[in-house]
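start.pdb follows (PDB, C-alpha atoms):
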```pdb
MODEL        1
ATOM      1  CA  MET A  10      97.959  25.804  91.792
ATOM      2  CA  PRO A  11     101.053  27.986  92.505
ATOM      3  CA  ILE A  12     101.068  31.636  91.502
ATOM      4  CA  MET A  13     104.365  31.978  89.658
ATOM      5  CA  ALA A  14     106.213  35.250  89.201
ATOM      6  CA  LYS A  15     108.745  35.471  86.406
ATOM      7  CA  LYS A  16     110.795  37.989  84.496
ATOM      8  CA  SER A  17     108.836  39.709  81.763
ATOM      9  CA  GLU A  18     110.286  41.105  78.567
ATOM     10  CA  ALA A  19     108.834  44.609  78.392
ATOM     11  CA  SER A  20     108.390  45.979  74.911
ATOM     12  CA  PHE A  21     109.774  49.414  74.232
ATOM     13  CA  GLU A  22     109.005  51.439  71.147
ATOM     14  CA  LEU A  23     111.949  53.586  70.121
ATOM     15  CA  THR A  24     111.077  57.095  69.005
ATOM     16  CA  PRO A  25     111.648  57.203  65.223
ATOM     17  CA  ALA A  26     114.800  58.933  63.990
ATOM     18  CA  GLY A  27     114.397  61.996  61.804
ATOM     19  CA  THR A  28     112.880  65.465  61.955
ATOM     20  CA  HIS A  29     109.396  65.649  63.457
ATOM     21  CA  LEU A  30     106.715  68.139  64.365
ATOM     22  CA  ALA A  31     106.611  68.359  68.145
ATOM     23  CA  ARG A  32     104.875  70.210  70.936
ATOM     24  CA  CYS A  33     106.239  70.874  74.407
ATOM     25  CA  TYR A  34     104.066  69.314  77.106
ATOM     26  CA  GLN A  35     106.428  68.926  80.082
ATOM     27  CA  VAL A  36     108.541  71.485  81.937
ATOM     28  CA  ILE A  37     109.882  69.760  85.029
ATOM     29  CA  ASP A  38     112.152  71.282  87.667
ATOM     30  CA  LEU A  39     114.677  68.575  88.625
ATOM     31  CA  GLY A  40     116.330  70.689  91.302
ATOM     32  CA  THR A  41     120.019  70.913  92.147
ATOM     33  CA  GLN A  42     121.735  67.691  91.118
ATOM     34  CA  LYS A  43     125.212  66.245  91.530
ATOM     35  CA  VAL A  44     127.062  65.902  88.213
ATOM     36  CA  MET A  45     130.538  64.818  87.216
ATOM     37  CA  TRP A  46     132.595  67.145  85.030
ATOM     38  CA  GLN A  47     136.213  66.373  84.120
ATOM     39  CA  GLY A  48     136.446  64.007  87.068
ATOM     40  CA  THR A  49     135.110  66.552  89.558
ATOM     41  CA  GLU A  50     131.756  66.338  91.294
ATOM     42  CA  LYS A  51     129.731  69.527  91.020
ATOM     43  CA  LYS A  52     126.178  70.689  91.632
ATOM     44  CA  GLN A  53     123.963  72.201  88.953
ATOM     45  CA  HIS A  54     120.273  73.086  88.751
ATOM     46  CA  LYS A  55     118.622  70.891  86.117
ATOM     47  CA  VAL A  56     115.347  71.006  84.219
ATOM     48  CA  TYR A  57     113.629  68.458  81.964
ATOM     49  CA  ILE A  58     111.749  69.607  78.849
ATOM     50  CA  GLY A  59     109.470  67.001  77.278
ATOM     51  CA  PHE A  60     107.811  66.891  73.851
ATOM     52  CA  GLU A  61     105.073  64.896  72.190
ATOM     53  CA  LEU A  62     105.229  64.021  68.482
ATOM     54  CA  PRO A  63     101.551  64.202  67.441
ATOM     55  CA  ASP A  64     102.170  62.850  63.923
ATOM     56  CA  GLU A  65     104.138  59.832  65.176
ATOM     57  CA  LEU A  66     101.942  57.348  67.032
ATOM     58  CA  MET A  67     102.874  54.225  68.946
ATOM     59  CA  ALA A  68     101.074  50.922  68.530
ATOM     60  CA  ASP A  69      98.546  51.872  71.222
ATOM     61  CA  GLY A  70      97.663  55.128  69.462
ATOM     62  CA  ARG A  71      99.469  57.472  71.854
ATOM     63  CA  PRO A  72     102.018  59.919  70.437
ATOM     64  CA  PHE A  73     105.690  59.192  70.865
ATOM     65  CA  ALA A  74     107.280  61.381  73.514
ATOM     66  CA  THR A  75     110.847  62.506  73.987
ATOM     67  CA  GLY A  76     112.723  64.985  76.128
ATOM     68  CA  GLN A  77     116.039  66.312  77.327
ATOM     69  CA  ARG A  78     117.665  67.442  80.566
ATOM     70  CA  TYR A  79     119.342  70.834  80.616
ATOM     71  CA  THR A  80     121.230  72.935  83.111
ATOM     72  CA  LEU A  81     118.910  75.777  84.079
ATOM     73  CA  SER A  82     121.072  78.622  82.802
ATOM     74  CA  LEU A  83     120.961  81.282  80.096
ATOM     75  CA  SER A  84     124.654  82.151  80.329
ATOM     76  CA  GLU A  85     126.406  82.755  77.023
ATOM     77  CA  LYS A  86     127.735  79.207  76.651
ATOM     78  CA  ALA A  87     124.778  77.390  78.241
ATOM     79  CA  THR A  88     123.241  74.628  76.117
ATOM     80  CA  LEU A  89     119.722  75.665  77.117
ATOM     81  CA  ARG A  90     120.249  79.187  75.803
ATOM     82  CA  GLY A  91     121.367  77.904  72.400
ATOM     83  CA  VAL A  92     118.432  75.488  72.217
ATOM     84  CA  LEU A  93     115.867  78.146  73.104
ATOM     85  CA  GLU A  94     117.295  80.718  70.688
ATOM     86  CA  SER A  95     117.197  78.140  67.891
ATOM     87  CA  TRP A  96     113.628  77.243  68.866
ATOM     88  CA  ARG A  97     112.361  80.826  68.956
ATOM     89  CA  GLY A  98     114.361  81.923  65.921
ATOM     90  CA  GLN A  99     116.044  84.898  67.571
ATOM     91  CA  SER A 100     118.419  85.800  70.370
ATOM     92  CA  PHE A 101     117.328  86.746  73.856
ATOM     93  CA  SER A 102     117.269  90.376  74.850
ATOM     94  CA  GLU A 103     119.280  91.498  77.866
ATOM     95  CA  GLU A 104     116.034  91.843  79.808
ATOM     96  CA  GLU A 105     114.996  88.272  78.984
ATOM     97  CA  ILE A 106     118.434  86.900  79.912
ATOM     98  CA  ASN A 107     117.979  88.312  83.400
ATOM     99  CA  GLY A 108     114.845  86.262  83.967
ATOM    100  CA  PHE A 109     113.028  84.044  81.460
ATOM    101  CA  ASP A 110     110.139  81.883  82.667
ATOM    102  CA  ILE A 111     110.584  78.529  80.915
ATOM    103  CA  GLU A 112     106.996  77.568  81.710
ATOM    104  CA  LYS A 113     106.206  79.712  78.645
ATOM    105  CA  LEU A 114     107.415  76.735  76.605
ATOM    106  CA  LEU A 115     104.369  74.628  77.494
ATOM    107  CA  GLY A 116     102.165  74.126  74.451
ATOM    108  CA  VAL A 117     104.642  75.692  72.012
ATOM    109  CA  ALA A 118     105.306  73.733  68.820
ATOM    110  CA  CYS A 119     108.662  73.211  67.117
ATOM    111  CA  MET A 120     110.637  70.791  64.971
ATOM    112  CA  VAL A 121     112.829  68.262  66.756
ATOM    113  CA  ASN A 122     115.579  66.205  65.170
ATOM    114  CA  ILE A 123     115.845  62.724  66.697
ATOM    115  CA  VAL A 124     118.954  60.606  66.274
ATOM    116  CA  HIS A 125     119.576  57.043  67.386
ATOM    117  CA  ASN A 126     122.714  56.435  69.421
ATOM    118  CA  LYS A 127     123.925  52.978  70.363
ATOM    119  CA  THR A 128     125.620  52.288  73.680
ATOM    120  CA  GLY A 129     126.638  48.679  74.116
ATOM    121  CA  ASP A 130     123.688  46.560  73.035
ATOM    122  CA  LYS A 131     121.123  49.313  73.622
ATOM    123  CA  THR A 132     119.902  51.995  71.215
ATOM    124  CA  TYR A 133     118.656  55.335  72.505
ATOM    125  CA  ALA A 134     116.651  58.072  70.778
ATOM    126  CA  ASN A 135     118.138  61.473  71.572
ATOM    127  CA  ILE A 136     117.253  65.040  70.616
ATOM    128  CA  ALA A 137     119.978  66.398  68.334
ATOM    129  CA  GLY A 138     118.346  69.751  67.605
ATOM    130  CA  ILE A 139     115.253  71.913  68.079
ATOM    131  CA  VAL A 140     114.205  74.641  65.651
ATOM    132  CA  LYS A 141     111.302  76.995  65.087
ATOM    133  CA  LEU A 142     108.459  75.763  62.884
ATOM    134  CA  PRO A 143     108.918  76.769  59.237
ATOM    135  CA  LYS A 144     106.589  79.509  58.036
ATOM    136  CA  ASN A 145     103.049  78.284  57.256
ATOM    137  CA  THR A 146     103.738  74.922  58.948
ATOM    138  CA  GLN A 147     101.146  73.865  61.492
ATOM    139  CA  CYS A 148     101.316  71.319  64.289
ATOM    140  CA  GLN A 149      98.314  69.378  65.514
ATOM    141  CA  PRO A 150      96.707  70.462  68.803
ATOM    142  CA  ALA A 151      98.163  68.995  71.976
ATOM    143  CA  ILE A 152      97.243  65.400  72.772
ATOM    144  CA  ASN A 153      98.849  65.037  76.206
ATOM    145  CA  PRO A 154      97.797  67.456  78.958
ATOM    146  CA  PRO A 155     100.517  69.985  79.831
ATOM    147  CA  VAL A 156     102.600  69.126  82.896
ATOM    148  CA  LYS A 157     104.664  71.610  84.883
ATOM    149  CA  PHE A 158     106.422  70.983  88.161
ATOM    150  CA  SER A 159     108.415  73.369  90.332
ATOM    151  CA  LEU A 160     110.207  72.561  93.556
ATOM    152  CA  ASP A 161     109.635  76.191  94.615
ATOM    153  CA  THR A 162     105.898  75.481  94.801
ATOM    154  CA  TYR A 163     106.140  71.789  95.713
ATOM    155  CA  THR A 164     103.017  69.816  96.526
ATOM    156  CA  GLU A 165     102.747  66.084  97.038
ATOM    157  CA  ALA A 166      99.811  65.984  94.624
ATOM    158  CA  ALA A 167     101.895  67.493  91.798
ATOM    159  CA  PHE A 168     104.859  65.245  92.578
ATOM    160  CA  ILE A 169     103.063  61.917  92.760
ATOM    161  CA  VAL A 170     101.547  62.187  89.263
ATOM    162  CA  LEU A 171     104.950  62.512  87.599
ATOM    163  CA  PRO A 172     106.456  59.438  85.914
ATOM    164  CA  GLU A 173     108.370  57.257  88.366
ATOM    165  CA  TRP A 174     111.747  57.851  86.706
ATOM    166  CA  LEU A 175     111.330  61.628  87.038
ATOM    167  CA  ARG A 176     110.335  61.281  90.699
ATOM    168  CA  LYS A 177     113.503  59.278  91.332
ATOM    169  CA  VAL A 178     115.650  62.007  89.770
ATOM    170  CA  ILE A 179     113.901  64.792  91.679
ATOM    171  CA  ALA A 180     114.226  62.839  94.939
ATOM    172  CA  GLN A 181     118.027  63.140  94.610
ATOM    173  CA  SER A 182     117.926  66.952  94.480
ATOM    174  CA  ASP A 183     118.984  69.238  97.323
ATOM    175  CA  GLU A 184     115.623  70.982  97.254
ATOM    176  CA  TYR A 185     113.610  67.773  97.625
ATOM    177  CA  MET A 186     115.807  66.559 100.471
ATOM    178  CA  MET A 187     115.207  69.817 102.320
ATOM    179  CA  ILE A 188     111.450  69.515 101.724
ATOM    180  CA  VAL A 189     111.329  66.011 103.232
ATOM    181  CA  GLY A 190     113.783  66.865 105.997
ATOM    182  CA  LYS A 191     116.849  64.947 104.852
ATOM    183  CA  ASP A 192     120.445  66.119 105.163
ATOM    184  CA  VAL A 193     121.715  67.658 101.935
ATOM    185  CA  PRO A 194     125.021  66.079 100.792
ATOM    186  CA  THR A 195     127.827  68.347  99.644
ATOM    187  CA  ALA A 196     129.691  68.071  96.360
ATOM    188  CA  THR A 197     133.459  67.941  96.249
ATOM    189  CA  GLN A 198     133.359  71.264  94.441
ATOM    190  CA  ALA A 199     130.400  73.549  93.846
ATOM    191  CA  SER A 200     130.002  75.335  90.544
ATOM    192  CA  PRO A 201     127.541  77.687  88.835
ATOM    193  CA  PRO A 202     125.375  76.208  86.064
ATOM    194  CA  ASP A 203     127.212  75.495  82.816
ATOM    195  CA  PHE A 204     127.357  77.077  80.038
ATOM    196  CA  ASP A 205      99.349  77.863  65.122
ATOM    197  CA  GLU A 206     101.431  81.034  64.016
ATOM    198  CA  PHE A 207     105.116  81.311  64.255
ATOM    199  CA  ASP A 208     105.878  84.358  62.120
ATOM    200  CA  LYS A 209     106.548  86.044  65.453
ATOM    201  CA  THR A 210     108.582  84.888  68.428
ATOM    202  CA  PRO A 211     106.499  82.105  70.066
ATOM    203  CA  PHE A 212     107.827  82.693  73.606
TER     204      PHE A 212
ENDMDL
END
```
Kindly transcribe the structure held in the file into structure tokens.
Amino acid sequence: MPIMAKKSEASFELTPAGTHLARCYQVIDLGTQKVMWQGTEKKQHKVYIGFELPDELMADGRPFATGQRYTLSLSEKATLRGVLESWRGQSFSEEEINGFDIEKLLGVACMVNIVHNKTGDKTYANIAGIVKLPKNTQCQPAINPPVKFSLDTYTEAAFIVLPEWLRKVIAQSDEYMMIVGKDVPTATQASPPDFDEFDKTPF
């Protein structure tokens, strides 16, 4: 009897739209990546921040998860700075701006606003906003184990346990190519990066 391989229709559960309790469980260094901006290729250091939604479970009982890529910058116009200040409920001090360890985000709860955006025939769930938990609001304990990954302290063991799609992104970074001994491609133009209790600042 032949062993037949065929295309399978994988099921994908879309993260529900709306505002949800969430907890950060992934802080992943994506390294220096090529990006296109106004038709020009540039290089920017990127990071991925992932969240679990402990009150929103998939059919298999696991929490929905979502995340966002950001340029690793706290400059005045940087998206990451605005997101983190909204999340913590206050602005960064000058001292913090000069060096803030984003691994502090692991395990911290928040509220995330998920919106559904349609591109062609596909619908995507995207993070539209992140804010500090309202006073007296509690989030369930973490379900997923926390995951952090830094190319500065790269190990094969830490890399191989990441989801495949994240490994593929990281493998395109300048830092990863130098680690594995590949030539680092140049961009057409380089640029700097673009612009519990929660009564107190959580991070």
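Computed from the coordinates, the CA of Met120 in chain A to CA of Pro172 in chain A distance equals 24.2 Å.
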Legend entry - CA of Glu112 in chain A to CA of Leu30 in chain A, distance in Å rounded to a single decimal: 19.7 Å
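Distances here use all atoms listed in the file; by that measure, the residue among A:Ala68, A:Leu93, A:Ile111, A:Val56 closest to Thr80 in chain A is A:Val56.
Proximity to Thr75 in chain A at 9 Å, evaluated using only C-alpha atoms and with sequence-adjacent residues fewer than 4 positions away removed, yields Thr24, Ile58, Gly59, Phe60, Glu61, Leu62, Ile123, Ala134, Asn135 and Ile136 of chain A.
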Inset, instruction - Specify as JSON, numbers by chain each residue included when the PyMOL selection byres ((chain A and resi 147-157) around 12) is applied to this file. - result: {"A": [29, 30, 31, 32, 33, 34, 35, 36, 37, 38, 39, 56, 57, 58, 59, 60, 61, 62, 63, 64, 65, 66, 70, 71, 72, 73, 74, 110, 111, 112, 113, 114, 115, 116, 117, 118, 119, 120, 141, 142, 143, 144, 145, 146, 158, 159, 160, 161, 162, 163, 164, 167, 168, 170, 171, 172, 205, 206, 207, 208]}
Inset, instruction - Kindly indicate which residue among A:Val124, A:Ser84, A:His54, A:Val92 lies nearest to Ile106 in chain A, using only C-alpha atoms for the distances. - result: A:Ser84
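Here CA of Ile139 in chain A stands at a distance of 18.4 Å from CA of Lys55 in chain A.
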Legend entry - Expected residue set, 10 Å radius at (116.9, 76.4, 70.1), all atoms listed in the file, as number ranges by chain: A: 88-100, 119-121, 138-141
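Checking A:Glu50, A:Leu83, A:Ala137, A:Lys43 one by one against His125 in chain A, counting only C-alpha atoms, you find the shortest gap at A:Ala137.
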